Amino acid sequence: MKKKSTSSVALLAALASFGLPGAAAFADDHPQDQPLVVGSDFGVAPWMVRGAAGPEGFGVDLITAIAKKIGRPSVDVQDINFSGLFAALFSKRIEFTVNPLNITQERSEKMLYTEPFFATGNGFLVRKGEKLESLDGLKGQVLAVNRGTISDTWATQNADKYGFEVQRYETFPDSVQAVITHRAFTALNEIPTTVYAASKNPAIEVGFKDFNGRNFGYAFRYGDEAYRDKVESAIECLKQDGTLAQLYEKWYGEKAAEGTALTTVYAGYGAPGFKGYDDKPHDLACN
């Protein structure tokens, strides 16, 4: 964490006295002796799924490791459909999001991001044996998406360009089922999610991968910069000591590529090039 000057401490106290984000908000919203309360859609394997003993997956292992780094006693992951996730964040039902959330300019106007820690793109699932060799193959087809996701945004923006119809579902498994039952030709989601889904279901395969430079990050409320920085420092330490790469290999079955967001520690705090980014350098203090 960055050291605060005497004037900074006084400013935080003044902000707290007016009910604005500051020291009091930090303590009230993130009680150090209580479980870390975060939110994610449980329907995105292998990021986070409901297991016999509770949620499990890459995202669970990651936030558990982060909680340990920042000194929280445990983690309480709330299962929230993606369409309701941001409302849960802004109403303070959760402290921050831990779902596979794309960093976008539009979202950064409303939410405060950590630095990127996972690279992704568009993955198109089709029935086993079907062919989709390019985006042009979507013409005249029905494409299923998880409502409110970046995949939904991409589909909405590109439906006319490529000539396909969009069907929206509340969960990713529902969109996959639409493909299997011939209600849709393809289901669109993040590349790692579709690769994993295809490895577990012989009825589907990844028809096409569109790597486009997107990255995932956690999202916080504006005014929560101090806690965002604390969590991001933990993420950076997990990159530095190789934990993040190990978790990726454990859950996705392949080694993390060097030079991607899985292994790169970025200067400053937040997502470079997006609103909320603080470019001031800082030293890591990993334990």
# chains A, B, ... in the order shown; residues from 1 in each chain; ligands from 1
$ residues_around --residues "Gln240 of chain A" --least-positions-apart "3" --cutoff "10 Å" --atoms "only C-alpha atoms" --output "PyMOL selection string"
chain A and resi 234-237+243-245+262-265+284+286
$ atom_distance --atom1 "atom CA of Tyr277 of chain A" --atom2 "atom CA of Ser108 of chain A"
9.5 Å
$ residues_around --residues "Ser40 of chain A" --least-positions-apart "4" --cutoff "8 Å" --atoms "only C-alpha atoms" --output "MDAnalysis selection string"
chainID A and resid 48 77:82 85 97:99
$ write_last_selection --atoms "N, CA, C and O atoms" --output "mmCIF file, in the first residue's frame"
data_model
loop_
_atom_site.group_PDB
_atom_site.id
_atom_site.type_symbol
_atom_site.label_atom_id
_atom_site.label_comp_id
_atom_site.auth_asym_id
_atom_site.auth_seq_id
_atom_site.Cartn_x
_atom_site.Cartn_y
_atom_site.Cartn_z
ATOM 1 N N MET A 48 -16.123 -20.543 -12.265
ATOM 2 C CA MET A 48 -16.854 -20.721 -11.020
ATOM 3 C C MET A 48 -18.117 -21.521 -11.265
ATOM 4 O O MET A 48 -18.962 -21.129 -12.062
ATOM 5 N N VAL A 77 -18.761 -16.040 -1.532
ATOM 6 C CA VAL A 77 -19.060 -15.708 -2.920
ATOM 7 C C VAL A 77 -20.563 -15.821 -3.146
ATOM 8 O O VAL A 77 -21.130 -16.911 -3.057
ATOM 9 N N GLN A 78 -21.196 -14.696 -3.447
ATOM 10 C CA GLN A 78 -22.626 -14.669 -3.715
ATOM 11 C C GLN A 78 -22.887 -15.067 -5.173
ATOM 12 O O GLN A 78 -22.247 -14.546 -6.090
ATOM 13 N N ASP A 79 -23.825 -16.008 -5.385
ATOM 14 C CA ASP A 79 -24.196 -16.443 -6.733
ATOM 15 C C ASP A 79 -25.215 -15.465 -7.297
ATOM 16 O O ASP A 79 -26.375 -15.433 -6.878
ATOM 17 N N ILE A 80 -24.785 -14.648 -8.271
ATOM 18 C CA ILE A 80 -25.634 -13.591 -8.837
ATOM 19 C C ILE A 80 -25.564 -13.678 -10.357
ATOM 20 O O ILE A 80 -24.472 -13.652 -10.933
ATOM 21 N N ASN A 81 -26.718 -13.804 -11.022
ATOM 22 C CA ASN A 81 -26.731 -13.783 -12.483
ATOM 23 C C ASN A 81 -26.057 -12.514 -12.982
ATOM 24 O O ASN A 81 -26.170 -11.453 -12.364
ATOM 25 N N PHE A 82 -25.380 -12.618 -14.108
ATOM 26 C CA PHE A 82 -24.626 -11.478 -14.607
ATOM 27 C C PHE A 82 -25.491 -10.227 -14.739
ATOM 28 O O PHE A 82 -25.043 -9.118 -14.445
ATOM 29 N N LEU A 85 -25.498 -8.359 -11.497
ATOM 30 C CA LEU A 85 -24.233 -8.229 -10.773
ATOM 31 C C LEU A 85 -23.880 -6.778 -10.458
ATOM 32 O O LEU A 85 -23.442 -6.452 -9.347
ATOM 33 N N THR A 97 -16.705 -7.327 -7.716
ATOM 34 C CA THR A 97 -17.069 -8.452 -8.576
ATOM 35 C C THR A 97 -15.887 -9.396 -8.729
ATOM 36 O O THR A 97 -14.730 -8.959 -8.763
ATOM 37 N N VAL A 98 -16.166 -10.696 -8.842
ATOM 38 C CA VAL A 98 -15.095 -11.673 -9.083
ATOM 39 C C VAL A 98 -15.451 -12.610 -10.228
ATOM 40 O O VAL A 98 -14.869 -13.685 -10.364
ATOM 41 N N ASN A 99 -16.385 -12.212 -11.068
ATOM 42 C CA ASN A 99 -16.723 -12.991 -12.250
ATOM 43 C C ASN A 99 -15.736 -12.657 -13.371
ATOM 44 O O ASN A 99 -14.966 -11.696 -13.258
#
$ closest_atom_pairs --of "segment 42-78 of chain A" --to "segment 117-128 of chain A" --cutoff "12 Å" --atoms "only C-alpha atoms" --output "Markdown table"
| residue | atom | partner | partner_atom | distance |
| --- | --- | --- | --- | --- |
| A:Trp47 | CA | A:Phe118 | CA | 11.2 |
| A:Phe58 | CA | A:Phe118 | CA | 11.2 |
| A:Gly59 | CA | A:Phe118 | CA | 10.9 |
| A:Leu62 | CA | A:Phe117 | CA | 10.7 |
$ write_last_selection --atoms "N, CA and C atoms" --output "mmCIF file, in the first residue's frame"
data_model
loop_
_atom_site.group_PDB
_atom_site.id
_atom_site.type_symbol
_atom_site.label_atom_id
_atom_site.label_comp_id
_atom_site.auth_asym_id
_atom_site.auth_seq_id
_atom_site.Cartn_x
_atom_site.Cartn_y
_atom_site.Cartn_z
ATOM 1 N N TRP A 47 -14.401 -21.256 -14.434
ATOM 2 C CA TRP A 47 -14.144 -20.085 -13.577
ATOM 3 C C TRP A 47 -14.822 -20.260 -12.224
ATOM 4 N N PHE A 58 -11.473 -21.904 -10.955
ATOM 5 C CA PHE A 58 -10.350 -20.968 -11.028
ATOM 6 C C PHE A 58 -10.634 -19.702 -10.223
ATOM 7 N N GLY A 59 -11.835 -19.131 -10.430
ATOM 8 C CA GLY A 59 -12.180 -17.886 -9.759
ATOM 9 C C GLY A 59 -12.257 -18.024 -8.252
ATOM 10 N N LEU A 62 -8.668 -18.295 -6.915
ATOM 11 C CA LEU A 62 -7.995 -16.994 -7.007
ATOM 12 C C LEU A 62 -8.443 -16.058 -5.896
#
$ select_by_dssp --residues "segment 134-279 of chain A" --states "strand (DSSP E or B)" --output "ChimeraX atom specification"
/A:142-146,165-169,186-190,204-216,219-221,269,278
$ write_last_selection --atoms "N, CA, C and O atoms" --output "tab-separated table (two decimals), in the first residue's frame"
chain	number	residue	atom	x	y	z
A	142	VAL	N	-28.66	-18.46	-36.01
A	142	VAL	CA	-29.10	-17.97	-34.71
A	142	VAL	C	-27.93	-18.12	-33.73
A	142	VAL	O	-27.34	-19.20	-33.61
A	143	LEU	N	-27.60	-17.03	-33.04
A	143	LEU	CA	-26.49	-17.01	-32.09
A	143	LEU	C	-27.04	-16.79	-30.69
A	143	LEU	O	-27.82	-15.86	-30.44
A	144	ALA	N	-26.66	-17.65	-29.74
A	144	ALA	CA	-27.13	-17.57	-28.36
A	144	ALA	C	-26.06	-16.93	-27.47
A	144	ALA	O	-24.87	-17.23	-27.61
A	145	VAL	N	-26.49	-16.04	-26.57
A	145	VAL	CA	-25.56	-15.37	-25.66
A	145	VAL	C	-26.13	-15.33	-24.25
A	145	VAL	O	-27.34	-15.48	-24.04
A	146	ASN	N	-25.23	-15.12	-23.28
A	146	ASN	CA	-25.60	-14.89	-21.89
A	146	ASN	C	-25.96	-13.41	-21.75
A	146	ASN	O	-25.14	-12.53	-22.00
A	165	GLU	N	-29.23	-13.77	-36.13
A	165	GLU	CA	-30.25	-13.45	-35.12
A	165	GLU	C	-29.69	-13.75	-33.73
A	165	GLU	O	-28.97	-14.72	-33.55
A	166	VAL	N	-30.04	-12.92	-32.75
A	166	VAL	CA	-29.52	-13.09	-31.39
A	166	VAL	C	-30.61	-13.64	-30.48
A	166	VAL	O	-31.73	-13.12	-30.44
A	167	GLN	N	-30.29	-14.71	-29.74
A	167	GLN	CA	-31.14	-15.21	-28.66
A	167	GLN	C	-30.40	-14.99	-27.34
A	167	GLN	O	-29.21	-15.30	-27.25
A	168	ARG	N	-31.10	-14.48	-26.32
A	168	ARG	CA	-30.47	-14.16	-25.04
A	168	ARG	C	-30.98	-15.07	-23.93
A	168	ARG	O	-32.18	-15.30	-23.82
A	169	TYR	N	-30.04	-15.57	-23.12
A	169	TYR	CA	-30.36	-16.48	-22.02
A	169	TYR	C	-29.73	-15.95	-20.73
A	169	TYR	O	-28.74	-15.21	-20.76
A	186	THR	N	-25.02	-21.45	-32.79
A	186	THR	CA	-23.79	-21.27	-32.02
A	186	THR	C	-24.08	-20.53	-30.72
A	186	THR	O	-25.03	-19.75	-30.63
A	187	ALA	N	-23.25	-20.79	-29.71
A	187	ALA	CA	-23.29	-20.06	-28.45
A	187	ALA	C	-21.98	-19.30	-28.30
A	187	ALA	O	-20.90	-19.89	-28.44
A	188	LEU	N	-22.08	-18.01	-28.03
A	188	LEU	CA	-20.90	-17.16	-27.93
A	188	LEU	C	-20.56	-16.88	-26.47
A	188	LEU	O	-21.42	-16.52	-25.68
A	189	ASN	N	-19.28	-17.05	-26.13
A	189	ASN	CA	-18.80	-16.70	-24.79
A	189	ASN	C	-17.30	-16.48	-24.88
A	189	ASN	O	-16.73	-16.47	-25.97
A	190	GLU	N	-16.66	-16.28	-23.72
A	190	GLU	CA	-15.22	-16.09	-23.69
A	190	GLU	C	-14.50	-17.36	-24.17
A	190	GLU	O	-14.94	-18.48	-23.89
A	204	ILE	N	-20.66	-30.90	-28.22
A	204	ILE	CA	-20.31	-29.58	-28.75
A	204	ILE	C	-18.80	-29.49	-28.99
A	204	ILE	O	-18.02	-30.28	-28.49
A	205	GLU	N	-18.41	-28.48	-29.78
A	205	GLU	CA	-17.00	-28.18	-30.00
A	205	GLU	C	-16.86	-26.69	-30.27
A	205	GLU	O	-17.84	-26.00	-30.58
A	206	VAL	N	-15.64	-26.18	-30.15
A	206	VAL	CA	-15.38	-24.78	-30.47
A	206	VAL	C	-15.21	-24.67	-31.97
A	206	VAL	O	-14.27	-25.22	-32.55
A	207	GLY	N	-16.14	-23.96	-32.59
A	207	GLY	CA	-16.10	-23.84	-34.05
A	207	GLY	C	-15.14	-22.77	-34.53
A	207	GLY	O	-14.51	-22.90	-35.58
A	208	PHE	N	-14.99	-21.69	-33.73
A	208	PHE	CA	-14.15	-20.58	-34.17
A	208	PHE	C	-13.71	-19.77	-32.96
A	208	PHE	O	-14.49	-19.57	-32.02
A	209	LYS	N	-12.44	-19.33	-32.98
A	209	LYS	CA	-11.89	-18.48	-31.92
A	209	LYS	C	-11.50	-17.13	-32.51
A	209	LYS	O	-10.80	-17.08	-33.51
A	210	ASP	N	-11.97	-16.06	-31.86
A	210	ASP	CA	-11.69	-14.71	-32.32
A	210	ASP	C	-10.92	-13.98	-31.21
A	210	ASP	O	-11.52	-13.31	-30.35
A	211	PHE	N	-9.60	-14.13	-31.21
A	211	PHE	CA	-8.78	-13.43	-30.21
A	211	PHE	C	-8.73	-11.95	-30.57
A	211	PHE	O	-8.37	-11.58	-31.69
A	212	ASN	N	-9.12	-11.09	-29.61
A	212	ASN	CA	-9.24	-9.67	-29.94
A	212	ASN	C	-8.65	-8.73	-28.90
A	212	ASN	O	-8.95	-7.54	-28.88
A	213	GLY	N	-7.81	-9.25	-28.01
A	213	GLY	CA	-7.11	-8.38	-27.07
A	213	GLY	C	-7.89	-7.99	-25.83
A	213	GLY	O	-7.44	-7.12	-25.08
A	214	ARG	N	-9.02	-8.62	-25.57
A	214	ARG	CA	-9.79	-8.29	-24.37
A	214	ARG	C	-9.13	-8.89	-23.13
A	214	ARG	O	-8.43	-9.90	-23.20
A	215	ASN	N	-9.40	-8.27	-21.98
A	215	ASN	CA	-8.87	-8.75	-20.71
A	215	ASN	C	-9.93	-8.67	-19.62
A	215	ASN	O	-10.83	-7.82	-19.67
A	216	PHE	N	-9.81	-9.56	-18.61
A	216	PHE	CA	-10.67	-9.53	-17.44
A	216	PHE	C	-10.02	-8.75	-16.31
A	216	PHE	O	-8.78	-8.71	-16.18
A	219	ALA	N	-14.07	-5.46	-10.65
A	219	ALA	CA	-14.66	-4.13	-10.64
A	219	ALA	C	-15.09	-3.72	-9.24
A	219	ALA	O	-15.69	-4.51	-8.51
A	220	PHE	N	-14.79	-2.47	-8.88
A	220	PHE	CA	-15.13	-1.87	-7.59
A	220	PHE	C	-16.00	-0.63	-7.83
A	220	PHE	O	-16.13	-0.16	-8.95
A	221	ARG	N	-16.53	-0.09	-6.75
A	221	ARG	CA	-17.24	1.18	-6.83
A	221	ARG	C	-16.23	2.33	-6.84
A	221	ARG	O	-15.19	2.26	-6.17
A	269	TYR	N	-1.83	1.53	-10.66
A	269	TYR	CA	-3.00	0.76	-10.22
A	269	TYR	C	-4.14	0.96	-11.20
A	269	TYR	O	-4.37	2.07	-11.70
A	278	ASP	N	-4.46	4.82	-12.16
A	278	ASP	CA	-3.51	5.66	-11.44
A	278	ASP	C	-2.11	5.21	-11.86
A	278	ASP	O	-1.69	4.11	-11.53
$ closest_residue --among "A:Asp76, A:Asp160, A:Asp283, A:Asp224" --to "Asp28 of chain A" --atoms "only C-alpha atoms"
A:Asp224
$ closest_residue --among "A:Pro100, A:Gly242, A:Gly137, A:Gly253" --to "Gly39 of chain A" --atoms "only C-alpha atoms"
A:Pro100
$ atom_distance --atom1 "atom CA of Gln34 of chain A" --atom2 "atom CA of Val75 of chain A"
8.8 Å
$ select_by_dssp --residues "segment 214-270 of chain A" --states "helix (DSSP H, G or I)" --output "ChimeraX atom specification"
/A:225-240,243-252
$ write_last_selection --atoms "N, CA, C and O atoms" --output "tab-separated table (two decimals), in the first residue's frame"
chain	number	residue	atom	x	y	z
A	225	GLU	N	-10.99	3.45	-4.19
A	225	GLU	CA	-9.66	3.30	-4.77
A	225	GLU	C	-8.66	2.63	-3.83
A	225	GLU	O	-7.84	1.81	-4.25
A	226	ALA	N	-8.70	2.99	-2.54
A	226	ALA	CA	-7.73	2.43	-1.59
A	226	ALA	C	-7.86	0.91	-1.49
A	226	ALA	O	-6.86	0.19	-1.46
A	227	TYR	N	-9.10	0.43	-1.47
A	227	TYR	CA	-9.28	-1.02	-1.37
A	227	TYR	C	-8.98	-1.71	-2.69
A	227	TYR	O	-8.43	-2.81	-2.72
A	228	ARG	N	-9.33	-1.05	-3.79
A	228	ARG	CA	-8.95	-1.58	-5.11
A	228	ARG	C	-7.44	-1.78	-5.17
A	228	ARG	O	-6.95	-2.82	-5.62
A	229	ASP	N	-6.69	-0.78	-4.70
A	229	ASP	CA	-5.23	-0.86	-4.73
A	229	ASP	C	-4.72	-2.00	-3.86
A	229	ASP	O	-3.76	-2.70	-4.21
A	230	LYS	N	-5.36	-2.21	-2.71
A	230	LYS	CA	-4.95	-3.28	-1.81
A	230	LYS	C	-5.16	-4.65	-2.46
A	230	LYS	O	-4.28	-5.52	-2.42
A	231	VAL	N	-6.32	-4.84	-3.08
A	231	VAL	CA	-6.61	-6.11	-3.76
A	231	VAL	C	-5.69	-6.29	-4.96
A	231	VAL	O	-5.17	-7.39	-5.20
A	232	GLU	N	-5.46	-5.21	-5.71
A	232	GLU	CA	-4.59	-5.32	-6.87
A	232	GLU	C	-3.16	-5.68	-6.47
A	232	GLU	O	-2.49	-6.45	-7.18
A	233	SER	N	-2.69	-5.15	-5.36
A	233	SER	CA	-1.35	-5.51	-4.88
A	233	SER	C	-1.25	-7.01	-4.63
A	233	SER	O	-0.23	-7.65	-4.94
A	234	ALA	N	-2.33	-7.59	-4.09
A	234	ALA	CA	-2.36	-9.04	-3.87
A	234	ALA	C	-2.32	-9.78	-5.20
A	234	ALA	O	-1.61	-10.79	-5.35
A	235	ILE	N	-3.07	-9.30	-6.19
A	235	ILE	CA	-3.06	-9.92	-7.53
A	235	ILE	C	-1.66	-9.87	-8.12
A	235	ILE	O	-1.17	-10.86	-8.69
A	236	GLU	N	-1.00	-8.73	-7.98
A	236	GLU	CA	0.35	-8.59	-8.53
A	236	GLU	C	1.33	-9.57	-7.87
A	236	GLU	O	2.18	-10.15	-8.54
A	237	CYS	N	1.18	-9.75	-6.57
A	237	CYS	CA	2.04	-10.71	-5.87
A	237	CYS	C	1.78	-12.14	-6.35
A	237	CYS	O	2.71	-12.94	-6.48
A	238	LEU	N	0.52	-12.46	-6.64
A	238	LEU	CA	0.18	-13.80	-7.14
A	238	LEU	C	0.67	-14.01	-8.56
A	238	LEU	O	0.95	-15.14	-8.97
A	239	LYS	N	0.79	-12.94	-9.32
A	239	LYS	CA	1.44	-13.04	-10.63
A	239	LYS	C	2.93	-13.26	-10.45
A	239	LYS	O	3.53	-14.13	-11.11
A	240	GLN	N	3.52	-12.48	-9.57
A	240	GLN	CA	4.97	-12.52	-9.39
A	240	GLN	C	5.47	-13.87	-8.88
A	240	GLN	O	6.51	-14.37	-9.33
A	243	THR	N	1.63	-18.05	-8.73
A	243	THR	CA	0.38	-18.69	-8.31
A	243	THR	C	-0.71	-18.56	-9.37
A	243	THR	O	-1.43	-19.53	-9.65
A	244	LEU	N	-0.84	-17.40	-9.97
A	244	LEU	CA	-1.90	-17.18	-10.96
A	244	LEU	C	-1.71	-18.11	-12.16
A	244	LEU	O	-2.67	-18.71	-12.66
A	245	ALA	N	-0.48	-18.24	-12.62
A	245	ALA	CA	-0.19	-19.13	-13.75
A	245	ALA	C	-0.48	-20.59	-13.38
A	245	ALA	O	-0.98	-21.36	-14.19
A	246	GLN	N	-0.16	-20.96	-12.14
A	246	GLN	CA	-0.42	-22.33	-11.69
A	246	GLN	C	-1.91	-22.63	-11.63
A	246	GLN	O	-2.35	-23.72	-12.02
A	247	LEU	N	-2.70	-21.66	-11.17
A	247	LEU	CA	-4.15	-21.85	-11.12
A	247	LEU	C	-4.73	-21.98	-12.53
A	247	LEU	O	-5.64	-22.78	-12.76
A	248	TYR	N	-4.20	-21.20	-13.46
A	248	TYR	CA	-4.68	-21.30	-14.84
A	248	TYR	C	-4.40	-22.69	-15.41
A	248	TYR	O	-5.28	-23.31	-16.03
A	249	GLU	N	-3.19	-23.18	-15.19
A	249	GLU	CA	-2.85	-24.51	-15.70
A	249	GLU	C	-3.71	-25.58	-15.04
A	249	GLU	O	-4.14	-26.55	-15.69
A	250	LYS	N	-3.98	-25.43	-13.74
A	250	LYS	CA	-4.80	-26.41	-13.01
A	250	LYS	C	-6.20	-26.50	-13.59
A	250	LYS	O	-6.72	-27.61	-13.80
A	251	TRP	N	-6.82	-25.37	-13.87
A	251	TRP	CA	-8.24	-25.37	-14.26
A	251	TRP	C	-8.47	-25.37	-15.77
A	251	TRP	O	-9.50	-25.85	-16.24
A	252	TYR	N	-7.52	-24.84	-16.56
A	252	TYR	CA	-7.73	-24.75	-18.00
A	252	TYR	C	-6.88	-25.74	-18.79
A	252	TYR	O	-7.02	-25.86	-20.01
$ closest_residue --among "A:Gly259, A:Gly71, A:Gly217, A:Pro192" --to "Arg107 of chain A" --atoms "only C-alpha atoms"
A:Gly217
